[in-house]
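Structure below is entry-v2.cif: mmCIF, C-alpha atoms; chains and numbers go by the auth columns.
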data_model
loop_
_atom_site.group_PDB
_atom_site.id
_atom_site.type_symbol
_atom_site.label_atom_id
_atom_site.label_comp_id
_atom_site.label_asym_id
_atom_site.label_seq_id
_atom_site.Cartn_x
_atom_site.Cartn_y
_atom_site.Cartn_z
_atom_site.B_iso_or_equiv
_atom_site.auth_seq_id
_atom_site.auth_asym_id
ATOM 1 C CA MET A 1 -22.048 26.787 14.284 0.00 1205 S
ATOM 2 C CA ALA A 2 -21.891 30.019 12.317 0.00 1206 S
ATOM 3 C CA LEU A 3 -18.254 29.384 11.408 0.00 1207 S
ATOM 4 C CA THR A 4 -18.861 25.934 9.914 0.00 1208 S
ATOM 5 C CA PRO A 5 -20.025 26.983 6.385 0.00 1209 S
ATOM 6 C CA SER A 6 -17.141 29.408 5.840 0.00 1210 S
ATOM 7 C CA SER A 7 -14.517 26.976 7.080 0.00 1211 S
ATOM 8 C CA SER A 8 -15.880 24.155 4.950 0.00 1212 S
ATOM 9 C CA SER A 9 -16.016 26.391 1.876 0.00 1213 S
ATOM 10 C CA ARG A 10 -12.376 27.474 2.069 0.00 1214 S
ATOM 11 C CA PRO A 11 -10.845 24.257 0.603 0.00 1215 S
ATOM 12 C CA ALA A 12 -13.426 24.111 -2.191 0.00 1216 S
ATOM 13 C CA GLN A 13 -11.574 26.663 -4.350 0.00 1217 S
ATOM 14 C CA PRO A 14 -8.162 24.928 -4.165 0.00 1218 S
ATOM 15 C CA GLY A 15 -9.874 21.646 -4.932 0.00 1219 S
ATOM 16 C CA ALA A 16 -11.576 23.170 -7.960 0.00 1220 S
ATOM 17 C CA ASP A 17 -8.282 24.648 -9.162 0.00 1221 S
ATOM 18 C CA ALA A 18 -6.583 21.265 -8.812 0.00 1222 S
ATOM 19 C CA ALA A 19 -9.338 19.604 -10.833 0.00 1223 S
ATOM 20 C CA GLN A 20 -8.982 22.232 -13.565 0.00 1224 S
ATOM 21 C CA ARG A 21 -5.208 21.793 -13.680 0.00 1225 S
ATOM 22 C CA ALA A 22 -5.535 18.003 -13.838 0.00 1226 S
ATOM 23 C CA ALA A 23 -7.888 18.294 -16.808 0.00 1227 S
ATOM 24 C CA TYR A 24 -5.922 21.046 -18.548 0.00 1228 S
ATOM 25 C CA TRP A 25 -2.197 20.233 -18.296 0.00 1229 S
ATOM 26 C CA PRO A 26 -1.991 17.734 -21.232 0.00 1230 S
ATOM 27 C CA MET A 27 -3.436 20.375 -23.561 0.00 1231 S
ATOM 28 C CA PRO A 28 -0.444 22.767 -23.707 0.00 1232 S
ATOM 29 C CA ILE A 29 1.979 19.845 -23.862 0.00 1233 S
ATOM 30 C CA ALA A 30 0.129 18.426 -26.875 0.00 1234 S
ATOM 31 C CA ARG A 31 0.048 21.859 -28.545 0.00 1235 S
ATOM 32 C CA ALA A 32 3.777 22.289 -27.977 0.00 1236 S
ATOM 33 C CA VAL A 33 4.675 19.210 -30.055 0.00 1237 S
ATOM 34 C CA PRO A 34 3.772 20.532 -33.558 0.00 1238 S
ATOM 35 C CA ALA A 35 5.091 23.992 -32.637 0.00 1239 S
ATOM 36 C CA ALA A 36 8.417 22.465 -31.583 0.00 1240 S
ATOM 37 C CA ALA A 37 8.602 20.464 -34.825 0.00 1241 S
ATOM 38 C CA LEU A 38 8.001 23.640 -36.850 0.00 1242 S
ATOM 39 C CA ALA A 39 10.694 25.536 -34.946 0.00 1243 S
ATOM 40 C CA ILE A 40 13.234 22.716 -35.371 0.00 1244 S
ATOM 41 C CA VAL A 41 12.558 22.281 -39.098 0.00 1245 S
ATOM 42 C CA ILE A 42 12.932 26.004 -39.785 0.00 1246 S
ATOM 43 C CA THR A 43 15.998 26.387 -37.564 0.00 1247 S
ATOM 44 C CA PHE A 44 17.950 23.553 -39.173 0.00 1248 S
ATOM 45 C CA SER A 45 16.899 24.236 -42.756 0.00 1249 S
ATOM 46 C CA ALA A 46 19.097 26.305 -45.042 0.00 1250 S
ATOM 47 C CA ASP A 47 16.151 26.982 -47.359 0.00 1251 S
ATOM 48 C CA HIS A 48 14.036 29.877 -46.114 0.00 1252 S
ATOM 49 C CA SER A 49 12.235 30.494 -49.375 0.00 1253 S
ATOM 50 C CA ALA A 50 8.550 31.320 -49.561 0.00 1254 S
ATOM 51 C CA GLN A 51 7.745 27.878 -50.960 0.00 1255 S
ATOM 52 C CA PHE A 52 9.535 26.210 -48.053 0.00 1256 S
ATOM 53 C CA GLY A 53 7.701 28.501 -45.631 0.00 1257 S
ATOM 54 C CA LEU A 54 4.332 27.588 -47.135 0.00 1258 S
ATOM 55 C CA THR A 55 5.188 23.890 -46.985 0.00 1259 S
ATOM 56 C CA ALA A 56 6.400 23.974 -43.395 0.00 1260 S
ATOM 57 C CA PHE A 57 3.488 26.114 -42.234 0.00 1261 S
ATOM 58 C CA GLY A 58 1.005 23.996 -44.177 0.00 1262 S
ATOM 59 C CA VAL A 59 2.084 20.793 -42.461 0.00 1263 S
ATOM 60 C CA TYR A 60 2.131 22.549 -39.102 0.00 1264 S
ATOM 61 C CA GLY A 61 -1.329 24.033 -39.637 0.00 1265 S
ATOM 62 C CA ILE A 62 -2.922 20.681 -40.426 0.00 1266 S
ATOM 63 C CA VAL A 63 -1.278 18.847 -37.522 0.00 1267 S
ATOM 64 C CA ALA A 64 -1.709 21.682 -35.011 0.00 1268 S
ATOM 65 C CA GLY A 65 -5.323 22.236 -36.019 0.00 1269 S
ATOM 66 C CA LEU A 66 -6.213 18.589 -35.530 0.00 1270 S
ATOM 67 C CA VAL A 67 -4.346 18.394 -32.216 0.00 1271 S
ATOM 68 C CA LEU A 68 -5.945 21.565 -30.866 0.00 1272 S
ATOM 69 C CA GLY A 69 -9.408 20.450 -31.944 0.00 1273 S
ATOM 70 C CA VAL A 70 -9.092 17.086 -30.213 0.00 1274 S
ATOM 71 C CA VAL A 71 -7.586 18.332 -26.951 0.00 1275 S
ATOM 72 C CA ALA A 72 -9.972 21.294 -26.759 0.00 1276 S
ATOM 73 C CA TRP A 73 -12.949 18.995 -27.202 0.00 1277 S
ATOM 74 C CA VAL A 74 -11.704 16.550 -24.575 0.00 1278 S
ATOM 75 C CA ARG A 75 -10.051 18.869 -22.045 0.00 1279 S
ATOM 76 C CA LEU A 76 -12.170 22.042 -22.103 0.00 1280 S
ATOM 77 C CA ALA A 77 -15.629 20.627 -21.577 0.00 1281 S
ATOM 78 C CA ASP A 78 -16.202 22.715 -18.428 0.00 1282 S
ATOM 79 C CA ALA A 79 -14.090 25.785 -19.259 0.00 1283 S
ATOM 80 C CA GLY A 80 -16.795 27.761 -21.062 0.00 1284 S
ATOM 81 C CA VAL A 81 -14.441 28.696 -23.928 0.00 1285 S
ATOM 82 C CA ARG A 82 -14.346 25.441 -25.871 0.00 1286 S
ATOM 83 C CA PRO A 83 -16.191 26.897 -28.918 0.00 1287 S
ATOM 84 C CA TYR A 84 -13.500 29.561 -29.324 0.00 1288 S
ATOM 85 C CA PHE A 85 -10.699 27.013 -29.254 0.00 1289 S
ATOM 86 C CA LEU A 86 -12.562 24.784 -31.696 0.00 1290 S
ATOM 87 C CA THR A 87 -12.901 27.780 -34.002 0.00 1291 S
ATOM 88 C CA GLN A 88 -9.200 28.467 -33.554 0.00 1292 S
ATOM 89 C CA ALA A 89 -8.436 24.857 -34.455 0.00 1293 S
ATOM 90 C CA ALA A 90 -10.594 25.099 -37.582 0.00 1294 S
ATOM 91 C CA VAL A 91 -8.866 28.314 -38.692 0.00 1295 S
ATOM 92 C CA THR A 92 -5.437 26.718 -38.150 0.00 1296 S
ATOM 93 C CA LEU A 93 -6.430 23.599 -40.096 0.00 1297 S
ATOM 94 C CA ILE A 94 -7.870 25.597 -43.002 0.00 1298 S
ATOM 95 C CA ALA A 95 -4.780 27.821 -43.128 0.00 1299 S
ATOM 96 C CA GLY A 96 -2.567 24.753 -43.342 0.00 1300 S
ATOM 97 C CA ILE A 97 -4.634 23.210 -46.130 0.00 1301 S
ATOM 98 C CA VAL A 98 -4.643 26.466 -48.086 0.00 1302 S
ATOM 99 C CA ALA A 99 -0.868 26.845 -47.685 0.00 1303 S
ATOM 100 C CA LEU A 100 -0.219 23.391 -49.133 0.00 1304 S
ATOM 101 C CA SER A 101 -2.816 23.808 -51.877 0.00 1305 S
ATOM 102 C CA VAL A 102 -1.526 27.036 -53.413 0.00 1306 S
ATOM 103 C CA ARG A 103 2.229 26.747 -52.843 0.00 1307 S
ATOM 104 C CA ALA A 104 2.785 25.303 -56.323 0.00 1308 S
ATOM 105 C CA GLY A 105 2.283 27.089 -59.622 0.00 1309 S
ATOM 106 C CA HIS A 106 3.105 30.587 -58.393 0.00 1310 S
ATOM 107 C CA THR A 107 5.959 32.898 -59.192 0.00 1311 S
ATOM 108 C CA GLY A 108 8.434 33.843 -56.501 0.00 1312 S
ATOM 109 C CA ALA A 109 6.861 37.264 -55.936 0.00 1313 S
ATOM 110 C CA SER A 110 3.329 35.914 -55.630 0.00 1314 S
ATOM 111 C CA GLU A 111 4.462 33.179 -53.224 0.00 1315 S
ATOM 112 C CA VAL A 112 6.078 35.745 -50.951 0.00 1316 S
ATOM 113 C CA ARG A 113 3.018 37.968 -50.892 0.00 1317 S
ATOM 114 C CA PHE A 114 0.705 35.036 -50.300 0.00 1318 S
ATOM 115 C CA LEU A 115 2.941 33.780 -47.467 0.00 1319 S
ATOM 116 C CA PHE A 116 2.754 37.168 -45.750 0.00 1320 S
ATOM 117 C CA LEU A 117 -0.991 37.392 -46.269 0.00 1321 S
ATOM 118 C CA LEU A 118 -1.646 33.885 -44.941 0.00 1322 S
ATOM 119 C CA LEU A 119 0.617 34.241 -41.901 0.00 1323 S
ATOM 120 C CA THR A 120 -0.859 37.637 -41.017 0.00 1324 S
ATOM 121 C CA ILE A 121 -4.453 36.405 -41.203 0.00 1325 S
ATOM 122 C CA PHE A 122 -3.652 33.201 -39.314 0.00 1326 S
ATOM 123 C CA ALA A 123 -1.786 34.952 -36.497 0.00 1327 S
ATOM 124 C CA ALA A 124 -4.326 37.766 -36.172 0.00 1328 S
ATOM 125 C CA VAL A 125 -7.403 35.520 -36.036 0.00 1329 S
ATOM 126 C CA THR A 126 -6.005 32.746 -33.839 0.00 1330 S
ATOM 127 C CA GLY A 127 -4.199 35.205 -31.574 0.00 1331 S
ATOM 128 C CA PHE A 128 -7.353 37.232 -31.035 0.00 1332 S
ATOM 129 C CA LEU A 129 -9.422 34.104 -30.347 0.00 1333 S
ATOM 130 C CA GLU A 130 -6.941 32.858 -27.749 0.00 1334 S
ATOM 131 C CA LEU A 131 -6.589 36.301 -26.170 0.00 1335 S
ATOM 132 C CA TYR A 132 -10.364 36.651 -25.980 0.00 1336 S
ATOM 133 C CA SER A 133 -10.678 33.176 -24.449 0.00 1337 S
ATOM 134 C CA GLY A 134 -8.211 34.137 -21.749 0.00 1338 S
ATOM 135 C CA MET A 135 -9.935 37.440 -20.995 0.00 1339 S
ATOM 136 C CA ARG A 136 -13.364 35.802 -20.963 0.00 1340 S
ATOM 137 C CA SER A 137 -12.288 33.096 -18.486 0.00 1341 S
ATOM 138 C CA ARG A 138 -10.299 35.320 -16.101 0.00 1342 S
ATOM 139 C CA ARG A 139 -10.722 34.343 -12.426 0.00 1343 S
ATOM 140 C CA ARG A 140 -12.793 31.353 -13.551 0.00 1344 S
ATOM 141 C CA PHE A 141 -10.207 29.039 -15.095 0.00 1345 S
ATOM 142 C CA VAL A 142 -6.605 28.447 -14.058 0.00 1346 S
ATOM 143 C CA ALA A 143 -5.253 28.625 -17.641 0.00 1347 S
ATOM 144 C CA SER A 144 -6.688 32.051 -18.474 0.00 1348 S
ATOM 145 C CA GLY A 145 -3.325 33.752 -17.940 0.00 1349 S
ATOM 146 C CA ASP A 146 -1.602 31.250 -20.242 0.00 1350 S
ATOM 147 C CA TRP A 147 -4.122 31.919 -22.987 0.00 1351 S
ATOM 148 C CA ILE A 148 -3.730 35.680 -22.633 0.00 1352 S
ATOM 149 C CA ALA A 149 0.048 35.388 -22.952 0.00 1353 S
ATOM 150 C CA VAL A 150 -0.003 33.053 -25.975 0.00 1354 S
ATOM 151 C CA GLY A 151 -2.738 35.108 -27.636 0.00 1355 S
ATOM 152 C CA ALA A 152 -0.816 38.357 -27.141 0.00 1356 S
ATOM 153 C CA LEU A 153 2.361 36.744 -28.500 0.00 1357 S
ATOM 154 C CA THR A 154 0.519 35.547 -31.608 0.00 1358 S
ATOM 155 C CA VAL A 155 -1.072 38.967 -32.176 0.00 1359 S
ATOM 156 C CA LEU A 156 2.400 40.530 -31.970 0.00 1360 S
ATOM 157 C CA ALA A 157 3.545 38.017 -34.590 0.00 1361 S
ATOM 158 C CA ALA A 158 0.681 39.163 -36.835 0.00 1362 S
ATOM 159 C CA LEU A 159 1.847 42.764 -36.453 0.00 1363 S
ATOM 160 C CA ALA A 160 5.394 41.713 -37.358 0.00 1364 S
ATOM 161 C CA PHE A 161 4.211 39.950 -40.520 0.00 1365 S
ATOM 162 C CA LEU A 162 2.112 42.992 -41.376 0.00 1366 S
ATOM 163 C CA LEU A 163 4.985 45.467 -40.977 0.00 1367 S
ATOM 164 C CA ILE A 164 7.579 43.508 -42.992 0.00 1368 S
ATOM 165 C CA PRO A 165 7.538 44.765 -46.607 0.00 1369 S
ATOM 166 C CA PRO A 166 6.932 41.820 -48.976 0.00 1370 S
ATOM 167 C CA ASP A 167 9.409 43.309 -51.456 0.00 1371 S
ATOM 168 C CA TYR A 168 12.186 43.752 -48.886 0.00 1372 S
ATOM 169 C CA ARG A 169 15.599 42.766 -50.237 0.00 1373 S
ATOM 170 C CA GLN A 170 19.031 43.490 -48.819 0.00 1374 S
ATOM 171 C CA ASN A 171 22.403 42.379 -50.197 0.00 1375 S
ATOM 172 C CA TYR A 172 25.156 41.768 -47.672 0.00 1376 S
ATOM 173 C CA SER A 173 28.451 39.948 -47.172 0.00 1377 S
ATOM 174 C CA GLY A 174 29.116 37.612 -44.281 0.00 1378 S
ATOM 175 C CA PRO A 175 32.360 37.124 -42.348 0.00 1379 S
ATOM 176 C CA ASP A 176 33.498 34.776 -45.113 0.00 1380 S
ATOM 177 C CA HIS A 177 33.064 37.636 -47.640 0.00 1381 S
ATOM 178 C CA VAL A 178 30.452 35.651 -49.547 0.00 1382 S
ATOM 179 C CA LYS A 179 27.686 37.801 -50.991 0.00 1383 S
ATOM 180 C CA ARG A 180 24.237 36.857 -49.713 0.00 1384 S
ATOM 181 C CA VAL A 181 20.710 38.160 -49.985 0.00 1385 S
ATOM 182 C CA LEU A 182 18.339 38.843 -47.097 0.00 1386 S
ATOM 183 C CA ASP A 183 14.856 39.128 -48.542 0.00 1387 S
ATOM 184 C CA ALA A 184 11.319 39.184 -47.216 0.00 1388 S
ATOM 185 C CA SER A 185 10.803 35.422 -47.400 0.00 1389 S
ATOM 186 C CA VAL A 186 13.883 34.777 -45.238 0.00 1390 S
ATOM 187 C CA VAL A 187 12.647 37.290 -42.662 0.00 1391 S
ATOM 188 C CA ALA A 188 9.102 35.886 -42.686 0.00 1392 S
ATOM 189 C CA VAL A 189 10.159 32.255 -42.335 0.00 1393 S
ATOM 190 C CA GLY A 190 12.649 33.207 -39.622 0.00 1394 S
ATOM 191 C CA ALA A 191 9.974 35.141 -37.744 0.00 1395 S
ATOM 192 C CA LEU A 192 7.628 32.146 -38.039 0.00 1396 S
ATOM 193 C CA GLY A 193 10.310 29.888 -36.570 0.00 1397 S
ATOM 194 C CA ALA A 194 10.976 32.338 -33.734 0.00 1398 S
ATOM 195 C CA TRP A 195 7.259 32.503 -32.901 0.00 1399 S
ATOM 196 C CA ALA A 196 7.050 28.697 -32.919 0.00 1400 S
ATOM 197 C CA ALA A 197 10.090 28.361 -30.650 0.00 1401 S
ATOM 198 C CA ILE A 198 8.878 30.921 -28.091 0.00 1402 S
ATOM 199 C CA THR A 199 5.382 29.425 -28.127 0.00 1403 S
ATOM 200 C CA THR A 200 6.823 25.943 -27.597 0.00 1404 S
ATOM 201 C CA VAL A 201 8.799 26.995 -24.527 0.00 1405 S
ATOM 202 C CA PHE A 202 5.844 28.821 -23.033 0.00 1406 S
ATOM 203 C CA LEU A 203 3.408 25.957 -23.635 0.00 1407 S
ATOM 204 C CA VAL A 204 5.753 23.396 -22.092 0.00 1408 S
ATOM 205 C CA ILE A 205 6.253 25.582 -19.018 0.00 1409 S
ATOM 206 C CA ALA A 206 2.503 26.166 -18.758 0.00 1410 S
ATOM 207 C CA GLY A 207 1.733 22.447 -19.020 0.00 1411 S
ATOM 208 C CA LEU A 208 4.341 21.374 -16.473 0.00 1412 S
ATOM 209 C CA SER A 209 3.327 24.170 -14.100 0.00 1413 S
ATOM 210 C CA ALA A 210 -0.298 23.038 -14.286 0.00 1414 S
ATOM 211 C CA LYS A 211 0.727 19.418 -13.676 0.00 1415 S
ATOM 212 C CA TRP A 212 2.893 20.344 -10.689 0.00 1416 S
ATOM 213 C CA GLY A 213 0.064 22.546 -9.410 0.00 1417 S
ATOM 214 C CA THR A 214 -2.139 19.479 -8.991 0.00 1418 S
ATOM 215 C CA GLN A 215 0.444 18.105 -6.566 0.00 1419 S
ATOM 216 C CA ALA A 216 0.925 21.363 -4.689 0.00 1420 S
ATOM 217 C CA VAL A 217 -2.767 21.724 -3.865 0.00 1421 S
ATOM 218 C CA ALA A 218 -4.040 19.278 -1.218 0.00 1422 S
ATOM 219 C CA PRO A 219 -7.710 19.962 -0.451 0.00 1423 S
ATOM 220 C CA VAL A 220 -7.832 17.005 1.929 0.00 1424 S
ATOM 221 C CA GLN A 221 -5.485 18.787 4.268 0.00 1425 S
ATOM 222 C CA GLY A 222 -7.711 21.830 4.236 0.00 1426 S
ATOM 223 C CA VAL A 223 -10.690 19.699 5.172 0.00 1427 S
ATOM 224 C CA GLU A 224 -8.783 18.095 8.000 0.00 1428 S
ATOM 225 C CA SER A 225 -7.620 21.453 9.338 0.00 1429 S
ATOM 226 C CA SER A 226 -11.188 22.738 9.473 0.00 1430 S
ATOM 227 C CA ALA A 227 -12.428 19.669 11.367 0.00 1431 S
ATOM 228 C CA PRO A 228 -12.489 19.876 15.208 0.00 1432 S
ATOM 229 C CA ASP A 229 -9.656 18.178 17.109 0.00 1433 S
ATOM 230 C CA PRO A 230 -11.045 15.230 19.149 0.00 1434 S
ATOM 231 C CA ALA A 231 -8.621 15.940 21.997 0.00 1435 S
ATOM 232 C CA GLU A 232 -9.739 19.548 22.177 0.00 1436 S
ATOM 233 C CA SER A 233 -13.374 18.428 22.264 0.00 1437 S
ATOM 234 C CA VAL A 234 -12.693 16.122 25.220 0.00 1438 S
ATOM 235 C CA HIS A 235 -10.866 18.833 27.160 0.00 1439 S
ATOM 236 C CA GLN A 236 -13.648 21.308 26.424 0.00 1440 S
ATOM 237 C CA ALA A 237 -16.302 18.850 27.636 0.00 1441 S
ATOM 238 C CA GLU A 238 -14.362 18.175 30.883 0.00 1442 S
ATOM 239 C CA SER A 239 -14.035 21.891 31.522 0.00 1443 S
ATOM 240 C CA GLU A 240 -17.793 22.400 31.060 0.00 1444 S
ATOM 241 C CA ASN A 241 -18.549 19.515 33.465 0.00 1445 S
ATOM 242 C CA ARG A 242 -16.260 21.004 36.129 0.00 1446 S
ATOM 243 C CA ALA A 243 -17.963 24.339 35.755 0.00 1447 S
#
When written as structure tokens, how does the structure in this file appear?
Amino acid sequence: MALTPSSSSRPAQPGADAAQRAAYWPMPIARAVPAAALAIVITFSADHSAQFGLTAFGVYGIVAGLVLGVVAWVRLADAGVRPYFLTQAAVTLIAGIVALSVRAGHTGASEVRFLFLLLTIFAAVTGFLELYSGMRSRRRFVASGDWIAVGALTVLAALAFLLIPPDYRQNYSGPDHVKRVLDASVVAVGALGAWAAITTVFLVIAGLSAKWGTQAVAPVQGVESSAPDPAESVHQAESENRA
């Protein structure tokens, strides 16, 4: 009788993990959609000016902020970190609105500096919030490792935006001997696209891994394995009667 509570409690943790994965897996997939769109637009666009960067990031910020707010509200009710993700969604939404609001009426130099400032603040704040959410929910929620990884990646992006000089400008010639200019806006927009692409891949892998994890865990089997075998009970009863 003393072994019954421990044996019955063993499948509870896998069952809880499966429930968390089932509730969580649509969240990273939904977050990956606007990030993938941002990466594709930047990759296939020849214009990497500061105004283009503000436009692309502004649209992304509004869409990603709304998506994150909705999925965090619906999918993280029991995670204990929903307020941090809602704050992250609000920061992303506000950053997108600000980017679209101030992109017009500025000189080229002011647009570049504002792009760097906005991207640095956005990446630093949202990256820290996601990193903190992952650290706070360690060993309590199955997605804590995903949040730590995405948060650390976004913080590294903030450091990259901070270290790039806004007045950087380099003249060079390509293989076709055409003179080109590599300036700070090209580097910043390219770095934004690289961050979006890496984040997209990671979020898709995280979402699919969580979905497949719900199929890998089978708490019913654990319950059945802890239950006594009827045949063994009959044999044990016959042995006691013979004794």
Enumerate, in order of chain and increasing residue number, the residues of range 1297-1349 of chain S with an atom no farther than 10 Å from range 1406-1417 of chain S, each with its shortest atom pair and distance in Å to one decimal, counting all atoms listed in the file, as a tab-separated table.
residue	atom	partner	partner_atom	distance
S:Val1346	CA	S:Ala1414	CA	8.3
S:Ala1347	CA	S:Ala1414	CA	8.2
S:Gly1349	CA	S:Ala1410	CA	9.6
Given the PyMOL selection byres ((chain S and resi 1273) around 12) and the file above, list the residues it selects as a compact mmCIF listing (two decimals) with C-alpha atoms, in the coordinates of the input.
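Output file expr_9.txt follows:
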# COMPACT_ATOMS: atom_id res chain seq x y z
CA MET S 1231 -3.44 20.38 -23.56
CA ALA S 1234 0.13 18.43 -26.88
CA ARG S 1235 0.05 21.86 -28.54
CA GLY S 1265 -1.33 24.03 -39.64
CA ILE S 1266 -2.92 20.68 -40.43
CA VAL S 1267 -1.28 18.85 -37.52
CA ALA S 1268 -1.71 21.68 -35.01
CA GLY S 1269 -5.32 22.24 -36.02
CA LEU S 1270 -6.21 18.59 -35.53
CA VAL S 1271 -4.35 18.39 -32.22
CA LEU S 1272 -5.94 21.56 -30.87
CA VAL S 1274 -9.09 17.09 -30.21
CA VAL S 1275 -7.59 18.33 -26.95
CA ALA S 1276 -9.97 21.29 -26.76
CA TRP S 1277 -12.95 19.00 -27.20
CA VAL S 1278 -11.70 16.55 -24.58
CA ARG S 1279 -10.05 18.87 -22.04
CA LEU S 1280 -12.17 22.04 -22.10
CA ARG S 1286 -14.35 25.44 -25.87
CA PRO S 1287 -16.19 26.90 -28.92
CA TYR S 1288 -13.50 29.56 -29.32
CA PHE S 1289 -10.70 27.01 -29.25
CA LEU S 1290 -12.56 24.78 -31.70
CA THR S 1291 -12.90 27.78 -34.00
CA GLN S 1292 -9.20 28.47 -33.55
CA ALA S 1293 -8.44 24.86 -34.46
CA ALA S 1294 -10.59 25.10 -37.58
CA VAL S 1295 -8.87 28.31 -38.69
CA THR S 1296 -5.44 26.72 -38.15
CA LEU S 1297 -6.43 23.60 -40.10
**Prompt:** CA of Arg1225 in chain S and CA of Leu1360 in chain S are how many Å apart?
**Reply:** 27.3 Å
**Request:** Might you spell out which residues the PyMOL selection byres ((chain S and resi 1253) around 12) would select in the displayed file, as a PyMOL selection string?
**Result:** chain S and resi 1246+1249-1252+1254-1260+1307+1311-1313+1315-1317+1319+1385-1394
**Message:** Using all atoms listed in the file, which protein or nucleic acid residues come within 8 Å of Phe1320 in chain S? Drop anything in the same chain fewer than 2 positions from it, and give the result as an NGL selection string.
**Reply:** :S and (1316-1318 or 1322-1324 or 1365-1366 or 1370 or 1392)
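Closest approach to Ala1303 in chain S from the set S:Val1359, S:Ala1353, S:Met1339, S:Val1263 is made by S:Val1263, with distances taken over only C-alpha atoms.
The space between CA of Phe1261 in chain S and CA of Phe1248 in chain S spans 15.0 Å.
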Residue rebuild result range 1247-1252 of chain S, all heavy atoms as a tab-separated table (two decimals), in the coordinates of the input:
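After the write, part-v7.tsv holds the following:
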chain	number	residue	atom	x	y	z
S	1247	THR	N	14.67	26.05	-38.09
S	1247	THR	CA	16.00	26.39	-37.56
S	1247	THR	C	17.11	25.65	-38.30
S	1247	THR	O	18.15	26.22	-38.62
S	1247	THR	CB	16.07	26.07	-36.06
S	1247	THR	OG1	15.08	26.84	-35.37
S	1247	THR	CG2	17.44	26.40	-35.50
S	1248	PHE	N	16.89	24.37	-38.58
S	1248	PHE	CA	17.95	23.55	-39.17
S	1248	PHE	C	17.83	23.43	-40.69
S	1248	PHE	O	18.49	22.58	-41.29
S	1248	PHE	CB	17.95	22.16	-38.54
S	1248	PHE	CG	18.39	22.17	-37.11
S	1248	PHE	CD1	17.45	22.17	-36.08
S	1248	PHE	CD2	19.74	22.21	-36.78
S	1248	PHE	CE1	17.86	22.18	-34.75
S	1248	PHE	CE2	20.15	22.23	-35.46
S	1248	PHE	CZ	19.21	22.22	-34.44
S	1249	SER	N	17.02	24.25	-41.30
S	1249	SER	CA	16.90	24.24	-42.76
S	1249	SER	C	17.62	25.45	-43.34
S	1249	SER	O	17.48	26.57	-42.86
S	1249	SER	CB	15.42	24.26	-43.17
S	1249	SER	OG	15.31	24.37	-44.57
S	1250	ALA	N	18.40	25.20	-44.37
S	1250	ALA	CA	19.10	26.30	-45.04
S	1250	ALA	C	18.19	27.02	-46.02
S	1250	ALA	O	18.48	28.15	-46.45
S	1250	ALA	CB	20.33	25.77	-45.77
S	1251	ASP	N	17.09	26.41	-46.40
S	1251	ASP	CA	16.15	26.98	-47.36
S	1251	ASP	C	15.06	27.74	-46.60
S	1251	ASP	O	14.24	27.13	-45.90
S	1251	ASP	CB	15.53	25.86	-48.21
S	1251	ASP	CG	14.56	26.42	-49.24
S	1251	ASP	OD1	14.53	27.65	-49.44
S	1251	ASP	OD2	13.81	25.62	-49.84
S	1252	HIS	N	15.08	29.05	-46.72
S	1252	HIS	CA	14.04	29.88	-46.11
S	1252	HIS	C	13.23	30.59	-47.19
S	1252	HIS	O	12.80	31.73	-46.99
S	1252	HIS	CB	14.65	30.90	-45.15
S	1252	HIS	CG	15.00	30.30	-43.82
S	1252	HIS	ND1	15.35	31.07	-42.74
S	1252	HIS	CD2	15.04	29.02	-43.40
S	1252	HIS	CE1	15.60	30.29	-41.70
S	1252	HIS	NE2	15.42	29.03	-42.09
